[in-house]
Structures are given as C-alpha cells and as structure tokens.
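Text of model.json, listed as JSON, C-alpha atoms:
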```
[["chain", "number", "residue", "atom", "x", "y", "z"],
["Z", 37, "MET", "CA", 60.29, 83.42, 136.69],
["Z", 38, "PHE", "CA", 59.64, 79.76, 136.08],
["Z", 39, "THR", "CA", 60.37, 77.29, 138.85],
["Z", 40, "ILE", "CA", 61.80, 73.91, 137.84],
["Z", 41, "ASN", "CA", 60.73, 71.18, 140.20],
["Z", 42, "ILE", "CA", 63.43, 68.55, 140.62],
["Z", 43, "ILE", "CA", 61.98, 65.19, 141.57],
["Z", 44, "VAL", "CA", 64.28, 63.32, 143.96],
["Z", 45, "MET", "CA", 63.61, 59.67, 144.76],
["Z", 46, "LYS", "CA", 65.28, 56.91, 146.72],
["Z", 47, "LYS", "CA", 66.55, 53.80, 144.97],
["Z", 48, "SER", "CA", 63.96, 51.59, 146.65],
["Z", 49, "ASP", "CA", 61.11, 53.77, 145.34],
["Z", 50, "ILE", "CA", 62.61, 53.98, 141.85],
["Z", 51, "ARG", "CA", 63.13, 50.21, 141.83],
["Z", 52, "ARG", "CA", 59.49, 49.57, 142.73],
["Z", 53, "ILE", "CA", 58.02, 52.17, 140.35],
["Z", 54, "TYR", "CA", 60.13, 51.23, 137.33],
["Z", 55, "LYS", "CA", 59.61, 47.51, 137.78],
["Z", 56, "GLU", "CA", 55.88, 48.21, 137.63],
["Z", 57, "ARG", "CA", 56.21, 50.59, 134.67],
["Z", 58, "ARG", "CA", 58.26, 48.10, 132.71],
["Z", 59, "MET", "CA", 55.78, 45.27, 133.32],
["Z", 60, "LEU", "CA", 53.00, 47.44, 131.87],
["Z", 61, "LEU", "CA", 54.77, 47.58, 128.50],
["Z", 62, "THR", "CA", 53.31, 45.31, 125.85],
["Z", 63, "HIS", "CA", 55.59, 43.06, 123.79],
["Z", 64, "SER", "CA", 54.80, 45.07, 120.66],
["Z", 65, "GLN", "CA", 55.76, 48.31, 122.43],
["Z", 66, "MET", "CA", 59.02, 46.76, 123.60],
["Z", 67, "ALA", "CA", 59.79, 45.35, 120.14],
["Z", 68, "LYS", "CA", 59.31, 48.76, 118.53],
["Z", 69, "MET", "CA", 61.51, 50.50, 121.12],
["Z", 70, "ASN", "CA", 64.14, 47.77, 120.83],
["Z", 71, "ASP", "CA", 64.44, 48.46, 117.09],
["Z", 72, "LEU", "CA", 64.69, 52.19, 117.70],
["Z", 73, "MET", "CA", 67.35, 51.71, 120.41],
["Z", 74, "LEU", "CA", 69.46, 49.69, 117.99],
["Z", 75, "ILE", "CA", 69.23, 52.59, 115.53],
["Z", 76, "GLN", "CA", 70.33, 54.98, 118.29],
["Z", 77, "PHE", "CA", 73.20, 52.67, 119.27],
["Z", 78, "LYS", "CA", 74.51, 52.80, 115.71],
["Z", 79, "LYS", "CA", 74.93, 56.57, 116.23],
["Z", 80, "LEU", "CA", 76.99, 56.12, 119.40],
["Z", 81, "PRO", "CA", 80.16, 58.28, 119.10],
["Z", 82, "VAL", "CA", 82.55, 55.42, 119.91],
["Z", 83, "GLU", "CA", 84.31, 52.75, 117.86],
["Z", 84, "ILE", "CA", 82.88, 49.24, 118.05],
["Z", 85, "PRO", "CA", 85.20, 47.61, 120.59],
["Z", 86, "SER", "CA", 86.91, 44.22, 120.54],
["Z", 87, "ILE", "CA", 85.94, 42.95, 123.99],
["Z", 88, "ILE", "CA", 82.38, 43.47, 125.25],
["Z", 89, "LEU", "CA", 80.73, 42.32, 128.46],
["Z", 90, "SER", "CA", 77.00, 41.87, 127.90],
["Z", 91, "TYR", "CA", 74.24, 40.10, 129.86],
["Z", 92, "THR", "CA", 71.32, 37.73, 129.30],
["Z", 93, "ALA", "CA", 67.98, 39.48, 129.67],
["Z", 94, "ILE", "CA", 65.30, 38.19, 132.03],
["Z", 95, "ALA", "CA", 62.32, 38.13, 129.68],
["Z", 96, "ARG", "CA", 59.68, 37.73, 132.39],
["Z", 97, "TRP", "CA", 60.87, 41.03, 133.89],
["Z", 98, "HIS", "CA", 60.56, 42.79, 130.50],
["Z", 99, "GLU", "CA", 64.27, 43.51, 130.62],
["Z", 100, "PHE", "CA", 65.93, 45.00, 127.54],
["Z", 101, "ASP", "CA", 67.64, 42.24, 125.54],
["Z", 102, "PRO", "CA", 71.06, 43.41, 124.27],
["Z", 103, "LEU", "CA", 71.49, 40.49, 121.82],
["Z", 104, "PRO", "CA", 70.69, 42.60, 118.70],
["Z", 105, "ILE", "CA", 73.26, 45.12, 119.95],
["Z", 106, "THR", "CA", 76.03, 42.54, 120.28],
["Z", 107, "ASP", "CA", 75.05, 40.96, 116.94],
["Z", 108, "TYR", "CA", 75.47, 44.36, 115.31],
["Z", 109, "CYS", "CA", 78.83, 44.83, 117.04],
["Z", 110, "TYR", "CA", 80.00, 41.46, 115.72],
["Z", 111, "PHE", "CA", 78.86, 42.42, 112.21],
["Z", 112, "LYS", "CA", 80.90, 45.63, 112.43],
["Z", 113, "ASN", "CA", 83.86, 44.00, 114.17],
["Z", 114, "PRO", "CA", 84.14, 40.22, 113.52],
["Z", 115, "SER", "CA", 87.16, 40.01, 115.83],
["Z", 116, "GLN", "CA", 84.92, 40.93, 118.75],
["Z", 117, "GLN", "CA", 85.06, 38.75, 121.86],
["Z", 118, "LEU", "CA", 81.83, 38.56, 123.82],
["Z", 119, "LEU", "CA", 81.75, 37.99, 127.57],
["Z", 120, "TYR", "CA", 78.90, 37.24, 129.96],
["Z", 121, "PRO", "CA", 78.87, 37.57, 133.75],
["Z", 122, "VAL", "CA", 79.08, 34.59, 136.05],
["Z", 123, "ILE", "CA", 78.17, 34.96, 139.72],
["Z", 124, "THR", "CA", 80.38, 32.71, 141.82],
["Z", 125, "GLU", "CA", 82.13, 32.56, 145.18],
["Z", 126, "ILE", "CA", 85.83, 33.20, 145.68],
["Z", 127, "ASP", "CA", 87.17, 32.87, 149.21],
["Z", 128, "ALA", "CA", 83.57, 32.83, 150.54],
["Z", 129, "VAL", "CA", 82.85, 36.16, 148.81],
["Z", 130, "SER", "CA", 80.23, 36.36, 146.05],
["Z", 131, "VAL", "CA", 81.72, 38.02, 142.96],
["Z", 132, "MET", "CA", 80.96, 38.59, 139.28],
["Z", 133, "LEU", "CA", 83.42, 37.20, 136.74],
["Z", 134, "PRO", "CA", 83.45, 38.04, 132.99],
["Z", 135, "VAL", "CA", 83.55, 34.77, 131.02],
["Z", 136, "PHE", "CA", 84.31, 34.43, 127.30],
["Z", 137, "CYS", "CA", 81.48, 32.84, 125.31],
["Z", 138, "ASP", "CA", 80.97, 31.51, 121.79],
["Z", 139, "ASP", "CA", 78.22, 29.72, 119.86],
["Z", 140, "ASN", "CA", 78.91, 26.48, 121.75],
["Z", 141, "THR", "CA", 78.67, 27.93, 125.25],
["Z", 142, "ILE", "CA", 76.04, 26.31, 127.46],
["Z", 143, "PHE", "CA", 74.05, 28.58, 129.79],
["Z", 144, "GLU", "CA", 72.09, 27.73, 132.92],
["Z", 145, "LYS", "CA", 69.94, 29.78, 135.27],
["Z", 146, "ASN", "CA", 71.67, 30.94, 138.45],
["Z", 147, "GLU", "CA", 70.12, 31.69, 141.84],
["Z", 148, "LEU", "CA", 69.51, 35.32, 140.84],
["Z", 149, "GLY", "CA", 67.29, 34.22, 137.98],
["Z", 150, "PHE", "CA", 69.41, 35.03, 134.92],
["Z", 151, "MET", "CA", 71.25, 32.71, 132.54],
["Z", 152, "GLN", "CA", 75.01, 32.46, 132.89],
["Z", 153, "PRO", "CA", 77.72, 30.34, 131.22],
["Z", 154, "VAL", "CA", 78.26, 26.92, 132.75],
["Z", 155, "GLU", "CA", 81.97, 27.11, 132.03],
["Z", 156, "GLY", "CA", 84.49, 29.16, 130.10],
["Z", 157, "ASN", "CA", 87.65, 31.22, 130.38],
["Z", 158, "ASP", "CA", 87.34, 34.34, 132.45],
["Z", 159, "MET", "CA", 89.06, 37.61, 131.64],
["Z", 160, "LEU", "CA", 90.46, 40.37, 133.77],
["Z", 161, "PRO", "CA", 88.15, 43.40, 134.11],
["Z", 162, "GLU", "CA", 90.98, 45.58, 132.80],
["Z", 163, "GLU", "CA", 90.83, 43.79, 129.42],
["Z", 164, "ILE", "CA", 87.23, 44.82, 128.70],
["Z", 165, "ASP", "CA", 86.51, 47.70, 126.30],
["Z", 166, "MET", "CA", 82.73, 48.04, 126.74],
["Z", 167, "VAL", "CA", 80.22, 46.96, 129.37],
["Z", 168, "ILE", "CA", 76.52, 46.79, 128.55],
["Z", 169, "VAL", "CA", 75.01, 47.38, 131.96],
["Z", 170, "PRO", "CA", 71.53, 46.15, 132.98],
["Z", 171, "MET", "CA", 69.37, 48.51, 135.00],
["Z", 172, "LEU", "CA", 65.89, 49.64, 135.93],
["Z", 173, "ALA", "CA", 66.43, 53.40, 135.71],
["Z", 174, "VAL", "CA", 69.10, 56.07, 135.45],
["Z", 175, "ASP", "CA", 69.29, 59.69, 136.58],
["Z", 176, "ILE", "CA", 70.48, 62.73, 134.63],
["Z", 177, "LYS", "CA", 74.04, 62.27, 135.94],
["Z", 178, "GLY", "CA", 74.28, 58.66, 134.76],
["Z", 179, "TYR", "CA", 73.80, 56.98, 138.13],
["Z", 180, "ARG", "CA", 71.72, 53.87, 137.72],
["Z", 181, "VAL", "CA", 69.32, 51.84, 139.80],
["Z", 182, "GLY", "CA", 69.84, 48.12, 139.36],
["Z", 183, "TYR", "CA", 68.41, 45.22, 141.26],
["Z", 184, "GLY", "CA", 70.11, 46.03, 144.53],
["Z", 185, "LYS", "CA", 72.93, 43.48, 144.71],
["Z", 186, "GLY", "CA", 75.78, 45.83, 143.79],
["Z", 187, "TYR", "CA", 77.64, 43.37, 141.54],
["Z", 188, "TYR", "CA", 78.06, 45.76, 138.64],
["Z", 189, "ASP", "CA", 79.21, 48.73, 140.71],
["Z", 190, "ARG", "CA", 81.86, 46.59, 142.39],
["Z", 191, "PHE", "CA", 82.91, 45.14, 139.05],
["Z", 192, "LEU", "CA", 83.06, 48.46, 137.19],
["Z", 193, "LYS", "CA", 85.45, 49.86, 139.79],
["Z", 194, "LYS", "CA", 87.93, 47.16, 138.66],
["Z", 195, "CYS", "CA", 87.68, 48.11, 134.98],
["Z", 196, "ARG", "CA", 89.87, 50.61, 133.14],
["Z", 197, "LYS", "CA", 88.91, 54.25, 133.50],
["Z", 198, "ASP", "CA", 88.25, 54.44, 129.75],
["Z", 199, "VAL", "CA", 85.92, 51.43, 129.61],
["Z", 200, "VAL", "CA", 82.70, 52.44, 127.82],
["Z", 201, "LYS", "CA", 79.65, 51.86, 130.04],
["Z", 202, "VAL", "CA", 76.38, 51.70, 128.11],
["Z", 203, "ALA", "CA", 72.85, 51.15, 129.41],
["Z", 204, "PHE", "CA", 69.51, 50.89, 127.64],
["Z", 205, "SER", "CA", 66.17, 52.06, 128.98],
["Z", 206, "TYR", "CA", 62.55, 52.14, 127.88],
["Z", 207, "PHE", "CA", 62.18, 55.35, 129.91],
["Z", 208, "ASP", "CA", 63.85, 58.75, 130.12],
["Z", 209, "PRO", "CA", 66.23, 59.45, 133.03],
["Z", 210, "VAL", "CA", 64.82, 60.47, 136.41],
["Z", 211, "ASP", "CA", 65.93, 63.82, 137.87],
["Z", 212, "LYS", "CA", 67.94, 62.64, 140.83],
["Z", 213, "ILE", "CA", 68.59, 59.55, 142.92],
["Z", 214, "GLU", "CA", 68.60, 60.64, 146.56],
["Z", 215, "ASP", "CA", 70.78, 57.89, 148.01],
["Z", 216, "VAL", "CA", 73.69, 57.72, 145.56],
["Z", 217, "ASN", "CA", 76.84, 56.77, 147.45],
["Z", 218, "ALA", "CA", 80.58, 56.51, 146.90],
["Z", 219, "THR", "CA", 80.38, 52.91, 145.68],
["Z", 220, "ASP", "CA", 78.03, 53.77, 142.79],
["Z", 221, "VAL", "CA", 79.57, 53.99, 139.32],
["Z", 222, "PRO", "CA", 77.70, 56.07, 136.68],
["Z", 223, "VAL", "CA", 77.31, 54.89, 133.10],
["Z", 224, "ASP", "CA", 78.67, 56.93, 130.20],
["Z", 225, "TYR", "CA", 75.64, 56.55, 127.95],
["Z", 226, "CYS", "CA", 72.00, 55.60, 128.33],
["Z", 227, "ILE", "CA", 70.20, 54.83, 125.09],
["Z", 228, "THR", "CA", 66.44, 55.27, 124.87],
["Z", 229, "HIS", "CA", 64.23, 54.85, 121.83],
["Z", 230, "ASN", "CA", 64.61, 58.50, 120.80],
["Z", 231, "LYS", "CA", 67.92, 59.73, 122.22],
["Z", 232, "ILE", "CA", 71.45, 58.98, 123.35],
["Z", 233, "HIS", "CA", 71.86, 60.44, 126.84],
["Z", 234, "ILE", "CA", 75.52, 61.33, 127.40],
["Z", 235, "PHE", "CA", 76.76, 61.81, 130.97]]
```
Could you write out this structure as structure tokens?
Amino acid sequence: MFTINIIVMKKSDIRRIYKERRMLLTHSQMAKMNDLMLIQFKKLPVEIPSIILSYTAIARWHEFDPLPITDYCYFKNPSQQLLYPVITEIDAVSVMLPVFCDDNTIFEKNELGFMQPVEGNDMLPEEIDMVIVPMLAVDIKGYRVGYGKGYYDRFLKKCRKDVVKVAFSYFDPVDKIEDVNATDVPVDYCITHNKIHIF
C-alpha cells in the first residue's frame, strides 16, 4: 500500500514561507501566470456578476493584481459596479467597508500599505455578488492564509451565503492549515495558472 503524507502547517509558517516564495518570482514569471489565470477565470462556472468587491494589489509584495480580471468582467457585463475596501474606524472598532469606485475615484495608501478610495459611497455586504479575496496561500478545503488582520473573514461573514468568493494564487493549495478556527471563511474557488480549484 502507498502512504500519502499530509503536510500540516500553521498559518504563521505558511505566511512566512509563501511570502518568501512569492518574492522569488520574477516579473516575467508573474506576467505569464497572470495571463494564464485570466484564461482560467474565463472558464469559471458562474455568471459575471453585477457587483464585485476587488482590491488593489501591493506590487512590492508580488501580490496578484486582479485589475485584468475586473476589466474582463466589465467587458462582459458593462452594468458592473466595482467596489474596493476601505479600512476605517466605526465606534472605535477598525472595520472594512466596501466603497463604490469609478474612473474618477482617488486612491491613497492606508496604514496597512495598500491603496484605498479617499471617498465614495459604501454598500452593504449583502449587496455584493462576488468578492475577489487577497491571500498568501489556500488549503485543499478552501481555507486561506491572509496577512493576519482578519478583515476579510469578518467581512465575509456579513455577506450573503451565495456570494462568490474567488482567490488567485501563483501556487497550488497546501494540504492542511493546522490552526483553522471558527472565524475563518473558506473561498469557493482558487484560480492558479493551470487549474480552477473548487471547494
């Protein structure tokens, strides 16, 4: 009999390893995989939605940039409304709000290091059809490792149960995240350069 070794890692170890792995990618490698991930996204078995929450990539971290994805979605569905997250404080609690953006929206860097809208109308989480979720890695059940702040997990719990949660990765899923907890929300799809992983 063959024995299958399941590799189990903690989030902190995955975060460290995959940050390092991503930084080793060259820009040409990333560009090629980005093109292939767009091709895979076009095969996604869902309709292009009307309201999408995306994010601005942090280029110096070699983060996947979803702009070609949202451009394609707009081409397929010109009525699409595109939202970006804003980190702000409400009643002394730091929260993430989805803010509607257009070509005239001004962005500025926040304290976490990513660009967010300076102003705009926010929407209720329940109105969103698709969330493009940033991450460092995902496991074979769809649980992701982000940057450790928990904004997306808290936000996704407020969304509709049928909201489509999509992530993109330069690497295949890991076997198992050891310290998944009840507050973690898995994604529905993770798109790599050669496959759509469905969870």
task = Counting only C-alpha atoms, figure out which residue out of Z:Ile213, Z:Met171, Z:Ile164, Z:Ala203 gets nearest to Thr228 of chain Z.
result =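 Closest to Thr228 of chain Z, using only C-alpha atoms: Z:Ala203.
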request  = Go ahead and compute the interatomic distance for atom CA of Asp138 of chain Z and atom CA of Ala95 of chain Z, in Å to one decimal.
outcome  =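 Answer for the atom CA of Asp138 of chain Z to atom CA of Ala95 of chain Z separation: 21.3 Å.
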query = What is the distance, in Å and to one decimal place, between atom CA of Tyr225 of chain Z and atom CA of Lys201 of chain Z?
reply =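 According to the coordinates, atom CA of Tyr225 of chain Z and atom CA of Lys201 of chain Z are separated by 6.5 Å.
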task = Could you give me, as a PyMOL selection string, the residues that have an atom at most 12 Å away from the point (80.9, 32.9, 142.1) in the coordinates of the file, using all atoms listed in the file?
result = chain Z and resi 121-135+146-148+152-155+158+187
Residues of segment 119-221 of chain Z that approach segment 73-78 of chain Z to 10 Å or less, counting only C-alpha atoms: could you list each one with the shortest pair of atoms and its distance in Å to one decimal, rows by chain and increasing residue number, as CSV?
```
residue,atom,partner,partner_atom,distance
Z:Val202,CA,Z:Phe77,CA,9.4
Z:Phe204,CA,Z:Met73,CA,7.6
Z:Ser205,CA,Z:Met73,CA,8.7
Z:Tyr206,CA,Z:Met73,CA,8.9
```
message = Just checking: using only C-alpha atoms, which residue out of Z:Leu89, Z:Cys195, Z:Val216, Z:Ala173 ends up closest to Ile50 of chain Z?
response =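 Comparing Z:Leu89, Z:Cys195, Z:Val216, Z:Ala173 against Ile50 of chain Z, the winner is Z:Ala173.
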Non-local contacts of Leu172 of chain Z (8 Å; only C-alpha atoms; under 5 positions in same chain excluded) as an NGL selection string = :Z and (51 or 54-55 or 180-183 or 205)
File of the preceding selection, C-alpha atoms, as a compact mmCIF listing (two decimals), keeping the file's coordinate frame:
```txt
# COMPACT_ATOMS: atom_id res chain seq x y z
CA ARG Z 51 63.13 50.21 141.83
CA TYR Z 54 60.13 51.23 137.33
CA LYS Z 55 59.61 47.51 137.78
CA ARG Z 180 71.72 53.87 137.72
CA VAL Z 181 69.32 51.84 139.80
CA GLY Z 182 69.84 48.12 139.36
CA TYR Z 183 68.41 45.22 141.26
CA SER Z 205 66.17 52.06 128.98
```
request  = Give me the residues within 12 Å of Pro161 of chain Z as a PyMOL selection string, counting only C-alpha atoms and dropping any in the same chain fewer than 5 places off.
outcome  = chain Z and resi 87-89+119-121+132-136+166-167+188+190-199
request  = Give me, please, the distance in Å between atom CA of Lys112 of chain Z and atom CA of Ile84 of chain Z, quoted to one decimal.
outcome  =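 Answer for the atom CA of Lys112 of chain Z to atom CA of Ile84 of chain Z separation: 7.0 Å.
Between Tyr108 of chain Z and the candidates Z:Pro85, Z:Asp208, Z:Glu144, Z:Val44, the tightest atom-to-atom separation, counting all atoms listed in the file, involves Z:Pro85.
Of the residues listed (Z:Asp71, Z:Arg52, Z:Ile168, Z:Val82), Z:Ile168 shows the shortest atom-to-atom separation from Pro102 of chain Z; distances use all atoms listed in the file.
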ask   = Can you list, as a list in words, every protein, DNA or RNA residue that comes within 12 Å of Asn217 of chain Z when you count all atoms listed in the file, leaving out same-chain residues fewer than 4 positions away?
value =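 The contact residues come out as Lys46, Lys47, Tyr179, Arg180, Val181, Gly186, Asp189, Ile213, Val221 and Pro222 of chain Z.
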ask   = If we count only C-alpha atoms, what is near Met59 of chain Z at a cut-off of 10 Å, once residues fewer than 4 positions away on the same chain are taken out, given as an MDAnalysis selection string?
value = chainID Z and resid 54:55 63 96:99
Six-sided padding of 8 Å per side, axis-aligned box over segment 133-139 of chain Z, centre and edges in Å, one decimal, as lines of an AutoDock Vina configuration file:
```
center_x = 81.3
center_y = 33.9
center_z = 128.3
size_x = 22.1
size_y = 24.3
size_z = 32.9
```
